[in-house]
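Text of the file data-v3.txt, holding compact mmCIF, C-alpha atoms:
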# COMPACT_ATOMS: atom_id res chain seq x y z
CA MET A 13 7.55 -23.65 -33.06
CA THR A 14 10.81 -24.81 -34.59
CA THR A 15 14.18 -24.32 -32.93
CA TYR A 16 15.10 -21.54 -35.35
CA THR A 17 11.81 -19.74 -34.79
CA ILE A 18 12.42 -19.76 -31.03
CA LEU A 19 15.98 -18.46 -31.53
CA ILE A 20 14.71 -15.67 -33.79
CA LEU A 21 12.07 -14.73 -31.21
CA LEU A 22 14.50 -14.71 -28.26
CA SER A 23 17.12 -12.72 -30.17
CA GLY A 24 14.47 -10.28 -31.35
CA LEU A 25 13.30 -9.68 -27.77
CA VAL A 26 16.85 -8.84 -26.65
CA ILE A 27 17.30 -6.46 -29.60
CA PHE A 28 13.97 -4.76 -28.84
CA SER A 29 14.96 -4.46 -25.18
CA TYR A 30 18.23 -2.79 -26.17
CA LEU A 31 16.34 -0.33 -28.40
CA PHE A 32 13.86 0.32 -25.57
CA ASP A 33 16.76 1.18 -23.24
CA MET A 34 18.01 3.72 -25.77
CA ILE A 35 14.49 5.17 -26.11
CA SER A 36 14.18 5.26 -22.32
CA LYS A 37 17.30 7.42 -21.96
CA LYS A 38 15.86 9.95 -24.39
CA THR A 39 12.22 9.97 -23.30
CA LYS A 40 12.44 8.91 -19.62
CA ILE A 41 9.82 6.23 -20.31
CA PRO A 42 10.96 3.16 -18.30
CA SER A 43 12.12 0.42 -20.64
CA VAL A 44 10.19 -2.14 -18.57
CA LEU A 45 6.99 -0.33 -19.48
CA LEU A 46 7.77 -0.78 -23.18
CA LEU A 47 8.60 -4.44 -22.51
CA LEU A 48 5.22 -4.92 -20.84
CA PHE A 49 3.44 -3.48 -23.87
CA LEU A 50 5.55 -5.68 -26.13
CA GLY A 51 4.39 -8.72 -24.16
CA ILE A 52 0.77 -7.60 -24.44
CA GLY A 53 1.20 -7.13 -28.19
CA LEU A 54 2.70 -10.59 -28.60
CA LYS A 55 -0.24 -12.06 -26.67
CA GLN A 56 -2.70 -10.44 -29.08
CA ILE A 57 -0.78 -11.83 -32.08
CA VAL A 58 -0.66 -15.33 -30.56
CA THR A 59 -4.38 -15.19 -29.76
CA TYR A 60 -5.29 -13.93 -33.24
CA PHE A 61 -3.36 -16.68 -35.02
CA GLN A 62 -4.33 -19.28 -32.38
CA LEU A 63 -0.72 -20.34 -31.81
CA GLU A 64 0.17 -22.88 -29.16
CA THR A 65 2.25 -21.49 -26.28
CA PHE A 66 3.91 -22.59 -23.06
CA ASP A 67 2.40 -21.91 -19.61
CA PHE A 68 4.73 -19.03 -18.76
CA LEU A 69 3.32 -18.64 -15.25
CA LYS A 70 5.38 -21.69 -14.27
CA ILE A 71 8.69 -19.91 -14.89
CA LEU A 72 7.71 -16.30 -14.09
CA PRO A 73 8.48 -16.42 -10.32
CA THR A 74 11.88 -18.05 -10.91
CA LEU A 75 12.85 -15.54 -13.59
CA GLY A 76 11.72 -12.69 -11.36
CA THR A 77 13.70 -13.92 -8.36
CA VAL A 78 16.93 -14.17 -10.36
CA GLY A 79 16.25 -10.75 -11.88
CA LEU A 80 15.65 -9.20 -8.47
CA ILE A 81 18.93 -10.61 -7.14
CA LEU A 82 20.94 -9.34 -10.10
CA ILE A 83 19.34 -5.87 -10.16
CA VAL A 84 19.84 -5.25 -6.42
CA PHE A 85 23.39 -6.61 -6.66
CA GLU A 86 24.16 -4.36 -9.64
CA GLY A 87 22.75 -1.33 -7.81
CA ALA A 88 24.78 -2.11 -4.67
CA LEU A 89 27.97 -2.36 -6.74
CA ASP A 90 27.42 1.28 -7.73
CA LEU A 91 27.47 2.49 -4.13
CA LYS A 92 30.68 3.70 -2.53
CA TYR A 93 30.40 4.20 1.22
CA ASP A 94 31.94 6.98 3.24
CA SER A 95 30.98 8.41 6.61
CA ASP A 96 29.48 11.50 4.96
CA LYS A 97 26.72 9.25 3.54
CA ASN A 98 25.47 8.09 6.95
CA LYS A 99 22.80 10.80 6.91
CA LEU A 100 21.70 9.84 3.39
CA ILE A 101 21.55 6.12 4.24
CA LYS A 102 19.61 6.79 7.45
CA LYS A 103 17.17 9.05 5.59
CA ALA A 104 16.67 6.44 2.84
CA PHE A 105 16.16 3.64 5.39
CA PHE A 106 13.53 5.47 7.41
CA SER A 107 11.84 6.70 4.25
CA ALA A 108 11.60 3.15 2.89
CA VAL A 109 10.36 1.57 6.14
CA ILE A 110 7.96 4.25 7.33
CA ILE A 111 6.39 4.87 3.91
CA LEU A 112 6.05 1.09 3.44
CA LEU A 113 4.28 0.58 6.79
CA VAL A 114 1.96 3.56 6.44
CA THR A 115 1.12 2.65 2.83
CA VAL A 116 0.36 -0.95 3.81
CA ALA A 117 -1.93 0.33 6.57
CA ALA A 118 -3.72 2.69 4.18
CA ILE A 119 -4.19 0.08 1.42
CA THR A 120 -5.31 -2.47 4.03
CA PHE A 121 -8.03 -0.06 5.15
CA ILE A 122 -9.06 0.63 1.52
CA LEU A 123 -9.27 -3.09 0.65
CA HIS A 124 -11.26 -3.81 3.82
CA GLN A 125 -13.74 -1.05 3.04
CA VAL A 126 -14.30 -2.03 -0.60
CA THR A 127 -14.18 -5.83 -0.26
CA SER A 128 -15.34 -6.46 3.36
CA TYR A 129 -12.65 -9.14 3.77
CA SER A 130 -10.91 -9.44 7.16
CA TYR A 131 -8.16 -6.97 8.04
CA TYR A 132 -5.71 -9.89 8.20
CA LEU A 133 -6.27 -10.93 4.56
CA CYS A 134 -6.40 -7.32 3.38
CA PHE A 135 -3.11 -6.64 5.17
CA ILE A 136 -1.38 -9.53 3.39
CA ASN A 137 -2.80 -8.55 -0.01
CA ALA A 138 -1.79 -4.90 0.53
CA ILE A 139 1.94 -5.62 0.94
CA PRO A 140 2.81 -6.30 -2.75
CA PHE A 141 1.20 -2.96 -3.73
CA SER A 142 3.19 -1.01 -1.14
CA ILE A 143 6.80 -1.81 -2.07
CA ILE A 144 8.97 0.41 -4.27
CA SER A 145 10.46 -1.70 -7.07
CA SER A 146 14.25 -1.41 -7.25
CA ALA A 147 14.05 -3.32 -10.56
CA ILE A 148 12.33 -0.30 -12.15
CA ALA A 149 13.58 2.56 -9.96
CA ILE A 150 17.34 1.86 -10.14
CA PRO A 151 17.69 1.65 -13.95
CA SER A 152 15.40 4.68 -14.41
CA VAL A 153 17.40 7.24 -12.40
CA SER A 154 20.77 7.00 -14.12
CA SER A 155 20.52 10.60 -15.38
CA ILE A 156 19.49 12.44 -12.19
CA ASN A 157 22.03 14.00 -9.82
CA LYS A 158 24.27 11.70 -7.77
CA ALA A 159 22.78 12.41 -4.34
CA GLN A 160 19.21 11.74 -5.46
CA ARG A 161 20.30 8.68 -7.46
CA GLU A 162 22.02 7.16 -4.41
CA PHE A 163 18.94 7.95 -2.28
CA VAL A 164 16.75 6.07 -4.79
CA ILE A 165 19.12 3.07 -4.88
CA TYR A 166 19.22 2.81 -1.08
CA GLU A 167 15.52 3.56 -0.57
CA SER A 168 14.25 1.11 -3.20
CA SER A 169 16.62 -1.63 -2.01
CA PHE A 170 15.59 -1.08 1.62
CA SER A 171 11.93 -1.07 0.52
CA ASP A 172 12.39 -4.43 -1.23
CA ILE A 173 14.09 -5.92 1.83
CA ALA A 174 11.60 -4.51 4.35
CA GLY A 175 8.71 -5.60 2.13
CA ILE A 176 9.97 -9.17 1.93
CA ILE A 177 10.51 -9.26 5.71
CA LEU A 178 6.99 -7.94 6.30
CA PHE A 179 5.47 -10.35 3.76
CA ASN A 180 7.23 -13.41 5.25
CA PHE A 181 6.22 -12.27 8.73
CA ALA A 182 2.58 -11.76 7.69
CA ILE A 183 2.02 -15.13 5.99
CA SER A 184 3.93 -17.05 8.69
CA ASN A 185 1.88 -15.77 11.64
CA ASP A 186 -1.86 -15.92 12.19
CA THR A 187 -1.55 -13.63 15.22
CA TYR A 188 0.97 -10.89 15.91
CA ASN A 189 2.00 -11.43 19.53
CA ILE A 190 5.26 -11.23 21.51
CA ALA A 191 6.36 -14.68 20.33
CA ALA A 192 5.91 -13.68 16.67
CA PHE A 193 8.00 -10.52 17.08
CA THR A 194 10.64 -12.42 19.07
CA ASN A 195 10.98 -14.92 16.22
CA LEU A 196 11.28 -12.01 13.78
CA GLY A 197 14.11 -10.52 15.83
CA ILE A 198 15.93 -13.87 15.92
CA GLU A 199 15.52 -14.26 12.15
CA LEU A 200 16.98 -10.78 11.53
CA VAL A 201 20.00 -11.52 13.72
CA LEU A 202 20.53 -14.83 11.90
CA ILE A 203 20.31 -13.24 8.44
CA ILE A 204 22.79 -10.50 9.41
CA LEU A 205 25.27 -13.13 10.66
CA PHE A 206 24.60 -15.22 7.55
CA ALA A 207 25.21 -12.13 5.38
CA MET A 208 28.56 -11.38 7.06
CA LEU A 209 29.82 -14.94 6.63
CA SER A 210 28.58 -15.10 3.03
CA CYS A 211 30.34 -11.84 2.12
CA LEU A 212 33.66 -13.05 3.52
CA LEU A 213 33.33 -16.45 1.85
CA LEU A 214 32.44 -15.03 -1.56
CA LEU A 215 35.24 -12.45 -1.50
CA TYR A 216 37.72 -15.15 -0.47
CA LEU A 217 36.57 -17.34 -3.37
CA ILE A 218 36.90 -14.50 -5.89
CA GLY A 219 40.53 -14.00 -4.86
CA ARG A 220 41.40 -17.70 -4.90
CA ILE A 221 39.64 -19.01 -8.03
CA SER A 222 42.15 -19.18 -10.88
CA HIS A 223 39.80 -20.66 -13.49
CA HIS A 224 39.04 -18.31 -16.40
CA VAL A 225 35.32 -18.69 -15.70
CA LYS A 226 34.65 -17.55 -12.15
CA PHE A 227 32.13 -14.70 -12.04
CA PHE A 228 29.17 -16.79 -13.13
CA LEU A 229 30.22 -19.22 -10.40
CA ILE A 230 30.19 -16.39 -7.85
CA ILE A 231 26.77 -15.20 -9.02
CA SER A 232 25.49 -18.80 -8.91
CA ILE A 233 26.72 -19.16 -5.33
CA LEU A 234 25.06 -15.85 -4.44
CA VAL A 235 21.77 -17.09 -5.91
CA LEU A 236 22.21 -20.39 -4.02
CA VAL A 237 22.80 -18.56 -0.74
CA TYR A 238 19.74 -16.40 -1.39
CA ALA A 239 17.59 -19.45 -2.15
CA ILE A 240 18.75 -21.25 0.99
CA GLY A 241 18.01 -18.19 3.10
CA GLN A 242 14.55 -17.74 1.58
CA SER A 243 13.72 -21.43 2.02
CA PHE A 244 14.11 -20.84 5.77
CA HIS A 245 11.93 -17.69 5.49
CA LEU A 246 14.95 -15.45 6.05
CA SER A 247 14.98 -12.19 4.11
CA ALA A 248 18.06 -13.12 2.10
CA LEU A 249 17.93 -10.03 -0.12
CA ILE A 250 19.93 -8.44 2.71
CA ILE A 251 22.80 -10.74 1.69
CA VAL A 252 22.67 -9.55 -1.91
CA LEU A 253 22.70 -5.86 -0.95
CA ALA A 254 25.40 -6.43 1.68
CA PHE A 255 27.64 -8.37 -0.71
CA GLY A 256 27.47 -5.66 -3.38
CA LEU A 257 28.27 -2.93 -0.84
CA PHE A 258 30.98 -5.05 0.74
CA LEU A 259 32.72 -5.78 -2.57
CA ASN A 260 32.70 -2.18 -3.70
CA ASN A 261 34.09 -0.96 -0.37
CA ALA A 262 36.36 -3.85 0.69
CA ASP A 263 39.52 -1.95 -0.24
CA GLU A 264 38.60 0.72 2.34
CA ILE A 265 38.85 -1.76 5.23
CA ARG A 266 42.23 -1.26 6.93
CA ILE A 267 42.29 -4.26 9.29
CA PRO A 268 45.67 -6.03 8.66
CA PHE A 269 44.25 -9.56 8.98
CA PHE A 270 41.47 -8.78 6.52
CA ARG A 271 43.80 -7.17 3.99
CA LYS A 272 46.23 -10.10 4.19
CA TYR A 273 43.71 -12.86 3.47
CA PHE A 274 40.95 -11.13 1.49
CA ILE A 275 42.42 -8.24 -0.53
CA TYR A 276 44.38 -9.28 -3.61
CA PRO A 277 46.12 -7.29 -6.39
CA ASN A 278 43.46 -7.65 -9.13
CA ILE A 279 40.42 -6.93 -6.97
CA SER A 280 39.61 -3.63 -8.76
CA LYS A 281 39.81 -5.24 -12.21
CA ASP A 282 37.69 -8.20 -11.10
CA LEU A 283 35.12 -5.83 -9.60
CA VAL A 284 34.71 -4.05 -12.94
CA GLN A 285 34.22 -7.36 -14.76
CA LEU A 286 31.76 -8.66 -12.15
CA HIS A 287 29.78 -5.42 -12.33
CA GLN A 288 29.57 -5.64 -16.12
CA LEU A 289 28.55 -9.29 -16.04
CA SER A 290 25.84 -8.70 -13.42
CA ALA A 291 24.51 -5.69 -15.35
CA GLU A 292 24.26 -7.60 -18.64
CA SER A 293 22.75 -10.66 -16.93
CA ALA A 294 20.18 -8.44 -15.19
CA PHE A 295 19.36 -6.86 -18.55
CA ILE A 296 18.61 -10.26 -20.12
CA ILE A 297 16.55 -11.56 -17.21
CA ARG A 298 14.62 -8.29 -16.89
CA THR A 299 13.83 -8.41 -20.61
CA PHE A 300 12.28 -11.86 -20.54
CA PHE A 301 10.52 -11.35 -17.20
CA PHE A 302 8.58 -8.22 -18.13
CA VAL A 303 7.74 -9.44 -21.64
CA ILE A 304 6.38 -12.68 -20.15
CA PHE A 305 4.45 -10.78 -17.47
CA GLY A 306 2.90 -8.57 -20.16
CA PHE A 307 2.07 -11.73 -22.14
CA THR A 308 0.18 -13.19 -19.15
CA ILE A 309 -2.01 -10.10 -18.62
CA ILE A 310 -5.70 -10.61 -19.38
CA ILE A 311 -6.73 -7.37 -21.11
CA GLU A 312 -10.45 -8.05 -20.59
CA GLN A 313 -9.98 -7.36 -16.86
CA PHE A 314 -9.68 -3.64 -17.61
CA GLN A 315 -13.35 -3.55 -18.63
CA ASP A 316 -14.20 -4.00 -14.95
CA PHE A 317 -14.98 -0.58 -13.41
CA THR A 318 -14.40 -2.00 -9.93
CA LEU A 319 -10.77 -2.71 -10.82
CA ILE A 320 -10.30 0.90 -11.96
CA GLN A 321 -11.90 2.13 -8.75
CA TYR A 322 -9.57 0.01 -6.58
CA GLY A 323 -6.59 1.18 -8.60
CA LEU A 324 -7.37 4.89 -8.26
CA LEU A 325 -7.88 4.59 -4.49
CA ILE A 326 -4.58 2.72 -4.06
CA LEU A 327 -2.70 5.19 -6.27
CA GLY A 328 -4.12 8.12 -4.32
CA ALA A 329 -2.90 6.58 -1.05
CA ILE A 330 0.57 5.81 -2.47
CA TYR A 331 1.29 9.34 -3.67
CA LEU A 332 -0.38 11.22 -0.82
CA ILE A 333 1.62 9.32 1.80
CA ARG A 334 4.88 9.78 -0.10
CA LEU A 335 4.24 13.49 -0.63
CA LEU A 336 3.46 14.11 3.05
CA TYR A 337 6.46 12.13 4.28
CA LEU A 338 9.05 13.69 1.95
CA LYS A 339 7.74 17.22 2.55
CA PHE A 340 7.12 17.24 6.31
CA VAL A 341 9.29 14.42 7.72
CA ALA A 342 12.26 13.90 5.40
CA LYS A 343 12.16 17.59 4.36
CA MET A 344 13.80 16.97 1.01
CA PRO A 345 13.13 18.32 -2.50
CA LEU A 346 9.94 16.80 -3.88
CA SER A 347 11.01 16.77 -7.53
CA PRO A 348 11.64 14.17 -8.79
CA SER A 349 11.73 12.01 -5.61
CA VAL A 350 7.99 12.16 -4.94
CA PHE A 351 7.31 10.60 -8.36
CA ILE A 352 9.87 7.79 -8.02
CA THR A 353 7.81 5.14 -6.31
CA PRO A 354 7.22 2.53 -9.04
CA ARG A 355 5.75 -0.90 -8.41
CA GLY A 356 7.19 -3.78 -10.44
CA LEU A 357 9.14 -6.97 -10.16
CA ILE A 358 9.03 -7.40 -6.37
CA SER A 359 5.27 -6.69 -6.33
CA ILE A 360 4.72 -9.34 -9.00
CA LEU A 361 6.85 -11.90 -7.15
CA LEU A 362 5.09 -11.43 -3.83
CA PHE A 363 1.67 -11.41 -5.51
CA TYR A 364 2.34 -14.79 -7.13
CA ASN A 365 3.72 -16.13 -3.84
CA LEU A 366 0.45 -15.40 -2.06
CA PRO A 367 -1.19 -18.69 -1.03
CA LYS A 368 -4.46 -19.18 -2.94
CA GLU A 369 -6.47 -19.31 0.27
CA MET A 370 -5.17 -15.84 1.22
CA ARG A 371 -6.11 -14.08 -2.01
CA ILE A 372 -9.20 -11.90 -2.11
CA ASN A 373 -11.63 -11.34 -4.96
CA GLY A 374 -11.04 -8.11 -6.85
CA VAL A 375 -7.30 -8.11 -6.25
CA GLU A 376 -6.21 -9.71 -9.52
CA THR A 377 -3.25 -9.48 -11.90
CA GLY A 378 -5.13 -6.78 -13.79
CA LEU A 379 -5.08 -4.53 -10.71
CA LEU A 380 -1.39 -5.24 -10.23
CA PHE A 381 -0.67 -4.35 -13.85
CA LEU A 382 -2.71 -1.15 -13.53
CA ILE A 383 -0.68 -0.03 -10.50
CA ILE A 384 2.63 -0.92 -12.20
CA LEU A 385 1.57 0.92 -15.36
CA ALA A 386 0.33 4.04 -13.56
CA THR A 387 3.32 4.39 -11.21
CA SER A 388 5.73 3.92 -14.12
CA ILE A 389 3.98 6.59 -16.19
CA VAL A 390 3.95 9.03 -13.26
CA MET A 391 7.65 8.36 -12.65
CA SER A 392 8.41 8.98 -16.35
CA LEU A 393 6.56 12.30 -16.32
CA GLY A 394 8.27 13.30 -13.07
CA LEU A 395 11.75 12.51 -14.40
CA LEU A 396 11.00 14.29 -17.67
CA GLY A 397 9.77 17.35 -15.79
CA ALA A 398 12.85 17.33 -13.55
CA LYS A 399 15.09 17.11 -16.62
CA LYS A 400 13.42 20.13 -18.22
CA GLU A 401 13.74 22.10 -14.97
CA GLY A 402 17.43 21.22 -14.85
CA GLU A 403 17.93 22.39 -18.45
CA VAL A 404 16.19 25.71 -17.68
CA VAL A 405 18.40 26.24 -14.61
CA LYS A 406 21.56 25.56 -16.66
CA LYS A 407 20.49 28.10 -19.26

Would you mind writing the structure in this file as structure tokens?
Amino acid sequence: MTTYTILILLSGLVIFSYLFDMISKKTKIPSVLLLLFLGIGLKQIVTYFQLETFDFLKILPTLGTVGLILIVFEGALDLKYDSDKNKLIKKAFFSAVIILLVTVAAITFILHQVTSYSYYLCFINAIPFSIISSAIAIPSVSSINKAQREFVIYESSFSDIAGIILFNFAISNDTYNIAAFTNLGIELVLIILFAMLSCLLLLYLIGRISHHVKFFLIISILVLVYAIGQSFHLSALIIVLAFGLFLNNADEIRIPFFRKYFIYPNISKDLVQLHQLSAESAFIIRTFFFVIFGFTIIIEQFQDFTLIQYGLLILGAIYLIRLLYLKFVAKMPLSPSVFITPRGLISILLFYNLPKEMRINGVETGLLFLIILATSIVMSLGLLGAKKEGEVVKK
């Protein structure tokens, strides 16, 4: 491909993504779903004309990691804390953690029964399929009521964080004894302290940098901090969520010392610009990530009946557990919350980070794509149904 051909292709993808976002707002079909199909379509064209391409699997995890950081950060910047939200945050946290753990247990049992692999390997392979994707959930709920939207943002972000913690814990320990859980506790304390220091440092830098280009620098430092934390197997997504919440609520902190050294006159204006930059950056990264993931899908895998069987069993477990928890434990309205449990970017990232020796036959990218596709479609139908109910009530 020539330079101009590549530029035309990249620009075209961004334009299509923008159009997909507009379609998504009207139809409630997640734009990432349309991007996946676009990637699949491009793969068929490339295969038909026998065009030479790059090995996109080499850059997919990196793109996904940056996208995850930006999407969680953007979602956190939308959240304004007040004491009245403690109940909502607590409900979202327990919903994310309990549903995650029970779903992992259920999928572990399913995989063990259908593949006969050890519970340990099935447990590790079950985690990517059990995490709610904030990358799909957060952009998809912009039109639902504020309370449910904030619940989704908190729940999906907590699910991402808890999923990463569980995944790191699972692949780092062959046995789950007292020493393993003690190390986990120490790691959580360290990441919380690391998050507090990072938030203060980054806010201080925002107020002190006078250069006209500073927000990309801040985002780059945030990515750097995340990468350093993850390299030490710390669940650094906590830092990203904490920094977004901290920035959006810093002006509510009344401690004189803090206000003297960290709050500056243009903080509100800078926050708006940072939010816009993170949103547009997340849009670009999300576009390329999901198109590339769709491009890497091997369509022939869907001819395997076993894959369909695994997918239906996993989907049944996902929705049954969520339905029972929201109805009998959380005691909250089922529509549309019960449908908003998409799998996506975080599932893909963890799946590709599975060591080869820990993967099990039958759990392939085709199964992952099937779960992502099905949960996205169910979410779309649920949101569309909720919208129609809302319109009837208004009338």

Discussion item. So that I can see what lies close to segment 212-217 of chain A, please list as a PyMOL selection string the residues with an atom at most 10 Å from it, counting only C-alpha atoms and leaving out residues fewer than 5 positions away in the same chain.
Written reply: chain A and resi 207+222+226+229-231+233-234+255+258-259+262+270+273-276+279

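For the atom pair formed by atom CA of Ser154 of chain A and atom CA of Ile139 of chain A, the distance is 27.2 Å, given to one decimal.
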
Please enclose the listed atoms of segment 29-35 of chain A in an axis-aligned box, pad each side by 3 Å, and write out the centre and the three edge lengths in Å, rounded to one decimal, as AutoDock Vina command-line options.
--center_x 16.0 --center_y 0.4 --center_z -25.8 --size_x 10.4 --size_y 15.6 --size_z 11.2

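Contact shell of Val58 of chain A at 12 Å (only C-alpha atoms; same-chain neighbours under 6 positions omitted): A:Met13, A:Gly51, A:Ile52, A:Glu64, A:Thr65, A:Phe66, A:Phe307, A:Thr308.
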
Give me the segment 137-163 of chain A side of the contact with segment 327-341 of chain A, cut-off 10 Å, one line per residue showing its nearest atom pair and distance in Å at one decimal, counting all atoms listed in the file, sorted by chain and residue number, as a tab-separated table.
residue	atom	partner	partner_atom	distance
A:Phe141	CA	A:Ile330	CA	8.9
A:Ser142	CA	A:Ile330	CA	7.4
A:Ile143	CA	A:Ile330	CA	9.9

Keeping only C-alpha atoms, take the residues you just selected and write them out as a PDB file, in the frame of the given file.
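That gives us out.pdb:
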ATOM      1  CA  PHE A 141       1.200  -2.960  -3.730  1.00  0.00           C
ATOM      2  CA  SER A 142       3.190  -1.010  -1.140  1.00  0.00           C
ATOM      3  CA  ILE A 143       6.800  -1.810  -2.070  1.00  0.00           C
TER       4      ILE A 143
END

Near-segment 359-371 of chain A list (10 Å; all atoms listed in the file; drop same-chain fewer than 5 positions) as a PyMOL selection string
chain A and resi 69+72-77+80+132-134+136-145+172+175-176+179-180+183+302+305+354+376-377+380-381+383-384

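Nearest residue to Asp186 of chain A, choosing from A:Lys70, A:Ile218, A:Ile101, A:Phe135 and counting only C-alpha atoms: A:Phe135.
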